[in-house]
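Printed here is my_file-v1.cif (mmCIF, N, CA and C atoms and all ligand atoms):
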```
data_final
loop_
_atom_site.label_atom_id
_atom_site.label_comp_id
_atom_site.auth_asym_id
_atom_site.auth_seq_id
_atom_site.Cartn_x
_atom_site.Cartn_y
_atom_site.Cartn_z
N MET A 1 -22.29 -5.47 -2.16
CA MET A 1 -21.37 -4.57 -2.85
C MET A 1 -21.63 -3.14 -2.42
N GLY A 2 -20.60 -2.37 -2.31
CA GLY A 2 -20.73 -0.96 -2.07
C GLY A 2 -19.76 -0.22 -2.95
N ALA A 3 -20.20 0.88 -3.45
CA ALA A 3 -19.33 1.65 -4.34
C ALA A 3 -19.69 3.12 -4.26
N ARG A 4 -18.73 3.93 -4.54
CA ARG A 4 -18.95 5.37 -4.52
C ARG A 4 -18.07 5.98 -5.62
N GLU A 5 -18.52 7.08 -6.19
CA GLU A 5 -17.73 7.69 -7.27
C GLU A 5 -16.76 8.73 -6.73
N PHE A 6 -15.58 8.71 -7.31
CA PHE A 6 -14.56 9.73 -7.05
C PHE A 6 -14.16 10.32 -8.39
N THR A 7 -13.61 11.50 -8.34
CA THR A 7 -13.04 12.06 -9.55
C THR A 7 -11.53 12.09 -9.43
N ARG A 8 -10.85 12.11 -10.55
CA ARG A 8 -9.40 12.16 -10.54
C ARG A 8 -8.92 13.54 -10.15
N GLY A 9 -7.98 13.57 -9.25
CA GLY A 9 -7.38 14.83 -8.87
C GLY A 9 -5.98 14.93 -9.44
N ARG A 10 -5.07 15.37 -8.61
CA ARG A 10 -3.69 15.56 -9.05
C ARG A 10 -2.97 14.22 -9.20
N ARG A 11 -1.90 14.22 -9.95
CA ARG A 11 -1.03 13.05 -10.06
C ARG A 11 0.34 13.46 -9.59
N VAL A 12 0.88 12.71 -8.66
CA VAL A 12 2.20 13.02 -8.12
C VAL A 12 3.16 11.90 -8.48
N VAL A 13 4.31 12.28 -8.98
CA VAL A 13 5.37 11.33 -9.31
C VAL A 13 6.50 11.57 -8.32
N ALA A 14 6.99 10.50 -7.70
CA ALA A 14 8.02 10.66 -6.66
C ALA A 14 9.11 9.61 -6.81
N ARG A 15 10.32 10.03 -6.48
CA ARG A 15 11.44 9.09 -6.33
C ARG A 15 11.64 8.91 -4.85
N LEU A 16 11.43 7.71 -4.36
CA LEU A 16 11.50 7.47 -2.92
C LEU A 16 12.95 7.30 -2.49
N PRO A 17 13.26 7.69 -1.25
CA PRO A 17 14.66 7.73 -0.82
C PRO A 17 15.26 6.35 -0.53
N HIS A 18 16.50 6.19 -0.98
CA HIS A 18 17.29 4.99 -0.71
C HIS A 18 17.36 4.76 0.80
N GLY A 19 17.04 3.56 1.22
CA GLY A 19 17.14 3.23 2.64
C GLY A 19 15.87 3.47 3.43
N GLY A 20 14.88 4.11 2.81
CA GLY A 20 13.63 4.39 3.53
C GLY A 20 12.72 3.17 3.58
N ASP A 21 11.74 3.24 4.47
CA ASP A 21 10.74 2.18 4.56
C ASP A 21 9.64 2.45 3.53
N LEU A 22 9.31 1.46 2.74
CA LEU A 22 8.41 1.65 1.60
C LEU A 22 7.05 2.25 2.02
N LEU A 23 6.40 1.66 3.01
CA LEU A 23 5.08 2.16 3.41
C LEU A 23 5.15 3.56 4.00
N GLU A 24 6.18 3.79 4.82
CA GLU A 24 6.32 5.11 5.45
C GLU A 24 6.57 6.20 4.41
N GLU A 25 7.39 5.89 3.41
CA GLU A 25 7.73 6.91 2.41
C GLU A 25 6.55 7.22 1.50
N ILE A 26 5.75 6.21 1.19
CA ILE A 26 4.55 6.48 0.39
C ILE A 26 3.58 7.36 1.18
N ALA A 27 3.40 7.05 2.45
CA ALA A 27 2.53 7.88 3.30
C ALA A 27 3.06 9.30 3.39
N ALA A 28 4.37 9.45 3.45
CA ALA A 28 4.97 10.78 3.55
C ALA A 28 4.70 11.60 2.29
N VAL A 29 4.75 10.96 1.13
CA VAL A 29 4.46 11.68 -0.12
C VAL A 29 2.98 12.11 -0.14
N ALA A 30 2.10 11.18 0.24
CA ALA A 30 0.67 11.53 0.28
C ALA A 30 0.43 12.68 1.24
N ASP A 31 1.04 12.62 2.41
CA ASP A 31 0.86 13.68 3.41
C ASP A 31 1.42 15.01 2.91
N ALA A 32 2.59 14.96 2.28
CA ALA A 32 3.25 16.19 1.82
C ALA A 32 2.40 16.91 0.78
N HIS A 33 1.60 16.13 0.03
CA HIS A 33 0.77 16.73 -1.02
C HIS A 33 -0.70 16.81 -0.62
N GLY A 34 -0.98 16.51 0.64
CA GLY A 34 -2.35 16.64 1.13
C GLY A 34 -3.33 15.72 0.45
N MET A 35 -2.84 14.55 0.05
CA MET A 35 -3.72 13.57 -0.61
C MET A 35 -4.32 12.65 0.44
N ARG A 36 -5.65 12.70 0.56
CA ARG A 36 -6.32 11.87 1.58
C ARG A 36 -6.80 10.54 1.00
N ALA A 37 -6.91 10.49 -0.31
CA ALA A 37 -7.26 9.23 -0.98
C ALA A 37 -6.56 9.21 -2.33
N ALA A 38 -6.02 8.05 -2.67
CA ALA A 38 -5.27 7.94 -3.93
C ALA A 38 -5.14 6.47 -4.31
N GLU A 39 -4.92 6.25 -5.59
CA GLU A 39 -4.46 4.93 -6.00
C GLU A 39 -2.97 5.05 -6.23
N LEU A 40 -2.27 3.95 -6.07
CA LEU A 40 -0.81 4.03 -6.20
C LEU A 40 -0.28 2.86 -7.03
N ARG A 41 0.81 3.17 -7.69
CA ARG A 41 1.59 2.11 -8.34
C ARG A 41 3.03 2.52 -8.33
N ALA A 42 3.90 1.52 -8.32
CA ALA A 42 5.32 1.81 -8.25
C ALA A 42 6.11 0.62 -8.79
N ILE A 43 7.32 0.93 -9.21
CA ILE A 43 8.29 -0.10 -9.54
C ILE A 43 9.62 0.31 -8.94
N GLY A 44 10.56 -0.63 -8.86
CA GLY A 44 11.87 -0.29 -8.31
C GLY A 44 12.59 -1.52 -7.82
N ALA A 45 13.33 -1.36 -6.75
CA ALA A 45 14.09 -2.47 -6.16
C ALA A 45 14.14 -2.26 -4.65
N LEU A 46 14.14 -3.37 -3.93
CA LEU A 46 14.21 -3.32 -2.47
C LEU A 46 15.49 -4.02 -2.00
N GLN A 47 16.02 -3.50 -0.89
CA GLN A 47 17.22 -4.14 -0.31
C GLN A 47 16.82 -5.40 0.45
N THR A 48 15.68 -5.32 1.08
CA THR A 48 15.10 -6.45 1.80
C THR A 48 13.61 -6.17 1.92
N ALA A 49 12.85 -7.20 2.18
CA ALA A 49 11.39 -6.98 2.19
C ALA A 49 10.72 -7.82 3.27
N ARG A 50 9.53 -7.37 3.64
CA ARG A 50 8.64 -8.16 4.51
C ARG A 50 7.25 -8.12 3.88
N LEU A 51 6.74 -9.31 3.59
CA LEU A 51 5.40 -9.44 3.04
C LEU A 51 4.53 -10.20 4.03
N ALA A 52 3.25 -10.22 3.76
CA ALA A 52 2.33 -10.91 4.65
C ALA A 52 1.23 -11.59 3.85
N PHE A 53 0.69 -12.63 4.48
CA PHE A 53 -0.44 -13.38 3.93
C PHE A 53 -1.52 -13.39 5.00
N TYR A 54 -2.75 -13.03 4.62
CA TYR A 54 -3.83 -13.00 5.60
C TYR A 54 -4.47 -14.37 5.73
N ASP A 55 -4.34 -14.96 6.90
CA ASP A 55 -4.95 -16.26 7.19
C ASP A 55 -6.43 -16.01 7.49
N GLN A 56 -7.30 -16.37 6.56
CA GLN A 56 -8.72 -16.03 6.69
C GLN A 56 -9.39 -16.77 7.83
N ALA A 57 -8.92 -17.99 8.13
CA ALA A 57 -9.51 -18.76 9.23
C ALA A 57 -9.07 -18.19 10.57
N ALA A 58 -7.78 -17.92 10.69
CA ALA A 58 -7.24 -17.39 11.95
C ALA A 58 -7.49 -15.90 12.09
N ARG A 59 -7.82 -15.26 10.97
CA ARG A 59 -8.07 -13.81 10.94
C ARG A 59 -6.86 -13.02 11.44
N GLU A 60 -5.70 -13.41 10.93
CA GLU A 60 -4.50 -12.66 11.28
C GLU A 60 -3.49 -12.78 10.15
N TYR A 61 -2.63 -11.75 10.08
CA TYR A 61 -1.58 -11.76 9.08
C TYR A 61 -0.40 -12.58 9.58
N GLY A 62 0.14 -13.39 8.68
CA GLY A 62 1.41 -14.04 8.95
C GLY A 62 2.45 -13.37 8.09
N GLU A 63 3.47 -12.80 8.70
CA GLU A 63 4.50 -12.10 7.93
C GLU A 63 5.64 -13.04 7.60
N PHE A 64 6.25 -12.79 6.46
CA PHE A 64 7.44 -13.56 6.10
C PHE A 64 8.48 -12.63 5.50
N PRO A 65 9.75 -12.84 5.83
CA PRO A 65 10.79 -11.96 5.32
C PRO A 65 11.28 -12.41 3.95
N VAL A 66 11.72 -11.47 3.18
CA VAL A 66 12.44 -11.76 1.93
C VAL A 66 13.81 -11.12 2.13
N ASP A 67 14.75 -11.92 2.63
CA ASP A 67 16.04 -11.38 3.07
C ASP A 67 17.06 -11.37 1.95
N ALA A 68 16.75 -10.67 0.89
CA ALA A 68 17.66 -10.57 -0.26
C ALA A 68 17.24 -9.37 -1.09
N PRO A 69 18.19 -8.83 -1.86
CA PRO A 69 17.80 -7.76 -2.79
C PRO A 69 16.85 -8.32 -3.84
N VAL A 70 15.81 -7.58 -4.13
CA VAL A 70 14.81 -8.02 -5.10
C VAL A 70 14.37 -6.86 -5.98
N GLU A 71 13.90 -7.22 -7.17
CA GLU A 71 13.22 -6.25 -8.02
C GLU A 71 11.80 -6.07 -7.50
N LEU A 72 11.39 -4.82 -7.43
CA LEU A 72 9.97 -4.55 -7.13
C LEU A 72 9.28 -4.51 -8.49
N VAL A 73 8.82 -5.68 -8.91
CA VAL A 73 8.23 -5.83 -10.25
C VAL A 73 6.96 -5.00 -10.36
N GLY A 74 6.21 -5.02 -9.29
CA GLY A 74 4.98 -4.24 -9.31
C GLY A 74 4.46 -4.01 -7.91
N LEU A 75 4.03 -2.79 -7.67
CA LEU A 75 3.39 -2.44 -6.40
C LEU A 75 2.08 -1.77 -6.76
N LEU A 76 0.99 -2.33 -6.27
CA LEU A 76 -0.34 -1.77 -6.51
C LEU A 76 -1.01 -1.54 -5.18
N GLY A 77 -1.76 -0.48 -5.09
CA GLY A 77 -2.45 -0.26 -3.84
C GLY A 77 -3.19 1.05 -3.80
N ASN A 78 -3.44 1.50 -2.58
CA ASN A 78 -4.22 2.72 -2.41
C ASN A 78 -3.85 3.41 -1.12
N VAL A 79 -4.28 4.64 -1.05
CA VAL A 79 -4.10 5.47 0.14
C VAL A 79 -5.48 5.89 0.61
N SER A 80 -5.76 5.68 1.88
CA SER A 80 -7.02 6.16 2.45
C SER A 80 -6.72 6.59 3.89
N ARG A 81 -7.76 6.63 4.73
CA ARG A 81 -7.59 7.11 6.10
C ARG A 81 -7.98 6.03 7.09
N ARG A 82 -7.28 5.99 8.21
CA ARG A 82 -7.62 5.07 9.29
C ARG A 82 -7.26 5.73 10.60
N ASP A 83 -8.23 5.87 11.48
CA ASP A 83 -8.00 6.47 12.80
C ASP A 83 -7.32 7.83 12.69
N GLY A 84 -7.72 8.61 11.68
CA GLY A 84 -7.20 9.95 11.54
C GLY A 84 -5.83 10.06 10.89
N SER A 85 -5.29 8.92 10.46
CA SER A 85 -3.97 8.94 9.82
C SER A 85 -4.04 8.40 8.41
N THR A 86 -2.98 8.65 7.66
CA THR A 86 -2.86 8.12 6.31
C THR A 86 -2.60 6.63 6.38
N ALA A 87 -3.40 5.85 5.66
CA ALA A 87 -3.24 4.40 5.63
C ALA A 87 -2.89 3.97 4.21
N VAL A 88 -1.72 3.35 4.07
CA VAL A 88 -1.28 2.84 2.77
C VAL A 88 -1.50 1.34 2.75
N HIS A 89 -2.23 0.87 1.76
CA HIS A 89 -2.46 -0.57 1.58
C HIS A 89 -1.89 -0.94 0.23
N ALA A 90 -0.91 -1.84 0.23
CA ALA A 90 -0.26 -2.18 -1.04
C ALA A 90 0.09 -3.66 -1.09
N HIS A 91 0.04 -4.19 -2.30
CA HIS A 91 0.48 -5.56 -2.56
C HIS A 91 1.62 -5.51 -3.56
N ALA A 92 2.62 -6.37 -3.32
CA ALA A 92 3.84 -6.34 -4.14
C ALA A 92 4.10 -7.68 -4.79
N THR A 93 4.66 -7.61 -5.98
CA THR A 93 5.28 -8.77 -6.62
C THR A 93 6.78 -8.49 -6.67
N LEU A 94 7.57 -9.42 -6.13
CA LEU A 94 9.02 -9.25 -6.03
C LEU A 94 9.72 -10.37 -6.78
N ALA A 95 10.80 -10.02 -7.48
CA ALA A 95 11.55 -11.04 -8.23
C ALA A 95 12.99 -11.08 -7.75
N GLY A 96 13.50 -12.29 -7.55
CA GLY A 96 14.89 -12.49 -7.17
C GLY A 96 15.80 -12.55 -8.39
N HIS A 97 17.07 -12.94 -8.18
CA HIS A 97 18.08 -12.89 -9.24
C HIS A 97 17.75 -13.80 -10.41
N ASP A 98 16.95 -14.84 -10.18
CA ASP A 98 16.60 -15.77 -11.25
C ASP A 98 15.21 -15.49 -11.83
N GLY A 99 14.60 -14.41 -11.38
CA GLY A 99 13.30 -14.03 -11.92
C GLY A 99 12.13 -14.67 -11.21
N ALA A 100 12.40 -15.60 -10.32
CA ALA A 100 11.30 -16.22 -9.58
C ALA A 100 10.64 -15.18 -8.68
N CYS A 101 9.34 -15.20 -8.65
CA CYS A 101 8.60 -14.16 -7.94
C CYS A 101 7.93 -14.68 -6.67
N VAL A 102 7.83 -13.80 -5.72
CA VAL A 102 6.98 -13.99 -4.55
C VAL A 102 6.10 -12.75 -4.47
N GLY A 103 5.02 -12.88 -3.76
CA GLY A 103 4.15 -11.72 -3.65
C GLY A 103 3.35 -11.76 -2.38
N GLY A 104 2.75 -10.62 -2.09
CA GLY A 104 1.90 -10.56 -0.92
C GLY A 104 1.58 -9.14 -0.49
N HIS A 105 0.95 -9.08 0.65
CA HIS A 105 0.58 -7.82 1.30
C HIS A 105 1.85 -7.19 1.86
N VAL A 106 2.07 -5.94 1.57
CA VAL A 106 3.29 -5.27 2.00
C VAL A 106 3.21 -4.93 3.49
N ALA A 107 4.21 -5.39 4.23
CA ALA A 107 4.30 -5.13 5.67
C ALA A 107 5.39 -4.08 5.93
N PRO A 108 5.37 -3.48 7.11
CA PRO A 108 6.50 -2.60 7.46
C PRO A 108 7.80 -3.38 7.41
N GLY A 109 8.86 -2.68 6.99
CA GLY A 109 10.16 -3.34 6.94
C GLY A 109 10.67 -3.61 5.54
N CYS A 110 10.00 -3.06 4.53
CA CYS A 110 10.52 -3.15 3.16
C CYS A 110 11.46 -1.97 2.95
N VAL A 111 12.75 -2.26 2.77
CA VAL A 111 13.77 -1.22 2.69
C VAL A 111 14.06 -0.90 1.22
N ILE A 112 13.85 0.37 0.89
CA ILE A 112 13.96 0.81 -0.51
C ILE A 112 15.42 0.84 -0.96
N PHE A 113 15.66 0.29 -2.16
CA PHE A 113 16.93 0.53 -2.85
C PHE A 113 16.71 1.69 -3.81
N ALA A 114 15.69 1.56 -4.62
CA ALA A 114 15.23 2.66 -5.50
C ALA A 114 13.77 2.41 -5.79
N CYS A 115 13.01 3.48 -5.90
CA CYS A 115 11.57 3.27 -6.15
C CYS A 115 10.95 4.48 -6.83
N GLU A 116 10.22 4.20 -7.90
CA GLU A 116 9.50 5.23 -8.65
C GLU A 116 8.02 5.05 -8.40
N LEU A 117 7.42 6.07 -7.81
CA LEU A 117 6.04 6.00 -7.35
C LEU A 117 5.17 6.97 -8.14
N ILE A 118 3.97 6.53 -8.47
CA ILE A 118 2.96 7.43 -9.03
C ILE A 118 1.71 7.33 -8.16
N LEU A 119 1.29 8.48 -7.66
CA LEU A 119 0.05 8.56 -6.88
C LEU A 119 -0.98 9.31 -7.69
N GLN A 120 -2.15 8.71 -7.84
CA GLN A 120 -3.28 9.37 -8.51
C GLN A 120 -4.31 9.72 -7.46
N GLU A 121 -4.47 11.00 -7.21
CA GLU A 121 -5.42 11.45 -6.19
C GLU A 121 -6.86 11.10 -6.57
N LEU A 122 -7.63 10.68 -5.58
CA LEU A 122 -9.07 10.43 -5.74
C LEU A 122 -9.80 11.47 -4.92
N VAL A 123 -10.62 12.26 -5.59
CA VAL A 123 -11.31 13.37 -4.93
C VAL A 123 -12.77 13.00 -4.68
N GLY A 124 -13.18 13.08 -3.43
CA GLY A 124 -14.56 12.76 -3.09
C GLY A 124 -14.73 12.74 -1.59
N GLU A 125 -15.81 12.11 -1.14
CA GLU A 125 -16.05 11.98 0.30
C GLU A 125 -14.90 11.21 0.93
N PRO A 126 -14.60 11.47 2.22
CA PRO A 126 -13.49 10.79 2.88
C PRO A 126 -13.59 9.27 2.76
N LEU A 127 -12.46 8.66 2.52
CA LEU A 127 -12.38 7.20 2.38
C LEU A 127 -11.68 6.67 3.63
N GLU A 128 -12.51 6.13 4.56
CA GLU A 128 -12.02 5.76 5.89
C GLU A 128 -12.05 4.24 6.07
N ARG A 129 -11.03 3.74 6.73
CA ARG A 129 -11.00 2.31 7.08
C ARG A 129 -11.51 2.12 8.50
N VAL A 130 -12.38 1.12 8.64
CA VAL A 130 -12.96 0.78 9.94
C VAL A 130 -12.92 -0.74 10.08
N TYR A 131 -12.70 -1.20 11.30
CA TYR A 131 -12.65 -2.64 11.55
C TYR A 131 -13.93 -3.31 11.08
N ASP A 132 -13.78 -4.40 10.32
CA ASP A 132 -14.91 -5.15 9.79
C ASP A 132 -15.03 -6.48 10.53
N GLU A 133 -16.18 -6.69 11.17
CA GLU A 133 -16.38 -7.89 12.00
C GLU A 133 -16.32 -9.17 11.17
N VAL A 134 -16.80 -9.13 9.95
CA VAL A 134 -16.89 -10.34 9.13
C VAL A 134 -15.52 -10.87 8.75
N THR A 135 -14.64 -9.97 8.35
CA THR A 135 -13.33 -10.40 7.85
C THR A 135 -12.21 -10.21 8.87
N GLY A 136 -12.43 -9.38 9.84
CA GLY A 136 -11.35 -9.06 10.79
C GLY A 136 -10.37 -8.06 10.24
N LEU A 137 -10.72 -7.45 9.11
CA LEU A 137 -9.81 -6.51 8.45
C LEU A 137 -10.32 -5.07 8.57
N PRO A 138 -9.42 -4.10 8.49
CA PRO A 138 -9.86 -2.69 8.44
C PRO A 138 -10.25 -2.34 7.01
N LEU A 139 -11.55 -2.39 6.75
CA LEU A 139 -12.04 -2.18 5.37
C LEU A 139 -12.67 -0.80 5.24
N TRP A 140 -12.88 -0.40 3.99
CA TRP A 140 -13.49 0.90 3.72
C TRP A 140 -14.89 0.95 4.28
N HIS A 141 -15.20 2.02 4.97
CA HIS A 141 -16.49 2.22 5.62
C HIS A 141 -17.42 3.02 4.71
N GLY A 142 -18.68 2.64 4.70
CA GLY A 142 -19.67 3.43 3.96
C GLY A 142 -19.72 3.11 2.48
N LEU A 143 -19.12 2.03 2.08
CA LEU A 143 -19.20 1.62 0.67
C LEU A 143 -20.09 0.39 0.57
ZN ZN A 201 -3.48 -6.44 1.68
#
```

What would the structure in this file look like if it were written as structure tokens?
Amino acid sequence: MGAREFTRGRRVVARLPHGGDLLEEIAAVADAHGMRAAELRAIGALQTARLAFYDQAAREYGEFPVDAPVELVGLLGNVSRRDGSTAVHAHATLAGHDGACVGGHVAPGCVIFACELILQELVGEPLERVYDEVTGLPLWHGL
């Protein structure tokens, strides 16, 4: 286990633009407010979505499309740094017209219909992602 303490910084509330890419727009809000680390949550609706499942044996993500309008029931995640850029890591629960849900790791290609985002800044030492040999994932370094 590794852990480090952060303090709460600013809280930013944003309405993300219709038609934008979910991950890109969250990163843009973090960048616009100079947030290098944050926790995030959001609700809203997507026009279409792409989620992923990490195959632990193959050590690779398998992406799957959700080619329908869906409710963004919940988006949880965080903002940190990777290779000098803002890295958004988020998991989504999506519901279709009958309420049935799918979920997974958010991939590029989630097109926003409407989205209400709250970013809670985490103030402390830089939170950087580095490739982890054990899992094959870019995990937080120094924790
Ligand atoms: Zn993930």

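Every protein, DNA or RNA residue with an atom at most 5 Å from Cys110 (chain A), where all atoms listed in the file count and chain neighbours fewer than 4 positions away do not, is listed here: Asp21, Leu22, Thr48, Ala49 and Arg50 of chain A.
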
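For Ile112 (chain A), the list of residues within 7 Å, based on only N, CA and C atoms and with local chain neighbours fewer than 2 positions off taken out, reads Leu16, Pro17, His18, Gly19, Gly20, Asp21, Leu22, Ala45, Leu46, Gln47, Thr48, Gly109, Cys110, Ala114 and Cys115 of chain A.
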
If the limit is 7 Å from any atom of ligand ZN 201 (chain A), counting only C-alpha atoms and all ligand atoms, which residues qualify? Return them as number ranges by chain. A: 89-91, 105-106

Enumerate as a ChimeraX atom specification all residues of chain A assigned to strand (DSSP E) by DSSP on the backbone, naming them with the chain letters and numbers the document uses. /A:7-16,38-55,60-66,70-82,85-95,101-106,111-123,128-131,138-140

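Residue nearest Val12 (chain A), chosen from A:Asp67, A:Glu133, A:Asp31, A:Glu24 and counting only C-alpha atoms: A:Asp31.
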
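Using only C-alpha atoms, the shortest contact distance between Arg129 (chain A) and any of A:Leu51, A:Ala37, A:Leu75, A:Ala92 is found at A:Ala37.
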
Take every atom of region 98-111 of chain A listed in the file, fit an axis-aligned box around them, add 3 Å per side, and give the centre and edge lengths in Å to one decimal as AutoDock Vina command-line options.
```
--center_x 8.8 --center_y -8.6 --center_z -2.2 --size_x 22.4 --size_y 21.3 --size_z 25.4
```

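Of the listed residues A:Ala58, A:Leu72, A:Ala87, A:Ala52, the one whose atoms come nearest to Val130 (chain A) is A:Ala87, with distances taken using only C-alpha atoms.
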
Which residues are close to Glu125 (chain A), i.e. within 12 Å by only C-alpha atoms, leaving aside same-chain residues fewer than 6 positions away? Reply as an MDAnalysis selection string. chainID A and resid 3:7 36:37 80:81 140:143

What is the CA of Ile118 (chain A) to CA of Val73 (chain A) distance in Å? 14.3 Å

Output as a short mmCIF file (atom, residue, chain, number, x, y, z; two decimals), in the frame of the given file: region 20-28 of chain A, completed with all heavy atoms.
```cif
data_model
loop_
_atom_site.label_atom_id
_atom_site.label_comp_id
_atom_site.auth_asym_id
_atom_site.auth_seq_id
_atom_site.Cartn_x
_atom_site.Cartn_y
_atom_site.Cartn_z
N GLY A 20 14.88 4.11 2.81
CA GLY A 20 13.63 4.39 3.53
C GLY A 20 12.72 3.17 3.58
O GLY A 20 12.90 2.20 2.82
N ASP A 21 11.74 3.24 4.47
CA ASP A 21 10.74 2.18 4.56
C ASP A 21 9.64 2.45 3.53
O ASP A 21 9.09 3.56 3.48
CB ASP A 21 10.14 2.13 5.97
CG ASP A 21 9.10 1.02 6.09
OD1 ASP A 21 9.49 -0.11 6.42
OD2 ASP A 21 7.91 1.29 5.82
N LEU A 22 9.31 1.46 2.74
CA LEU A 22 8.41 1.65 1.60
C LEU A 22 7.05 2.25 2.02
O LEU A 22 6.61 3.25 1.45
CB LEU A 22 8.21 0.31 0.88
CG LEU A 22 7.40 0.32 -0.40
CD1 LEU A 22 8.02 1.23 -1.45
CD2 LEU A 22 7.26 -1.11 -0.94
N LEU A 23 6.40 1.66 3.01
CA LEU A 23 5.08 2.16 3.41
C LEU A 23 5.15 3.56 4.00
O LEU A 23 4.32 4.42 3.71
CB LEU A 23 4.43 1.20 4.42
CG LEU A 23 4.02 -0.17 3.88
CD1 LEU A 23 3.49 -1.05 5.02
CD2 LEU A 23 2.98 -0.05 2.78
N GLU A 24 6.18 3.79 4.82
CA GLU A 24 6.32 5.11 5.45
C GLU A 24 6.57 6.20 4.41
O GLU A 24 6.04 7.31 4.51
CB GLU A 24 7.48 5.10 6.46
CG GLU A 24 7.19 4.28 7.71
CD GLU A 24 8.37 4.27 8.67
OE1 GLU A 24 9.36 5.01 8.43
OE2 GLU A 24 8.31 3.51 9.64
N GLU A 25 7.39 5.89 3.41
CA GLU A 25 7.73 6.91 2.41
C GLU A 25 6.55 7.22 1.50
O GLU A 25 6.37 8.36 1.09
CB GLU A 25 8.95 6.46 1.60
CG GLU A 25 10.22 6.31 2.43
CD GLU A 25 10.68 7.61 3.10
OE1 GLU A 25 10.25 8.70 2.68
OE2 GLU A 25 11.46 7.51 4.06
N ILE A 26 5.75 6.21 1.19
CA ILE A 26 4.55 6.48 0.39
C ILE A 26 3.58 7.36 1.18
O ILE A 26 3.03 8.33 0.64
CB ILE A 26 3.87 5.16 -0.03
CG1 ILE A 26 4.77 4.40 -1.00
CG2 ILE A 26 2.50 5.43 -0.67
CD1 ILE A 26 4.32 2.97 -1.28
N ALA A 27 3.40 7.05 2.45
CA ALA A 27 2.53 7.88 3.30
C ALA A 27 3.06 9.30 3.39
O ALA A 27 2.28 10.27 3.38
CB ALA A 27 2.42 7.26 4.69
N ALA A 28 4.37 9.45 3.45
CA ALA A 28 4.97 10.78 3.55
C ALA A 28 4.70 11.60 2.29
O ALA A 28 4.44 12.81 2.37
CB ALA A 28 6.47 10.66 3.81
#
```
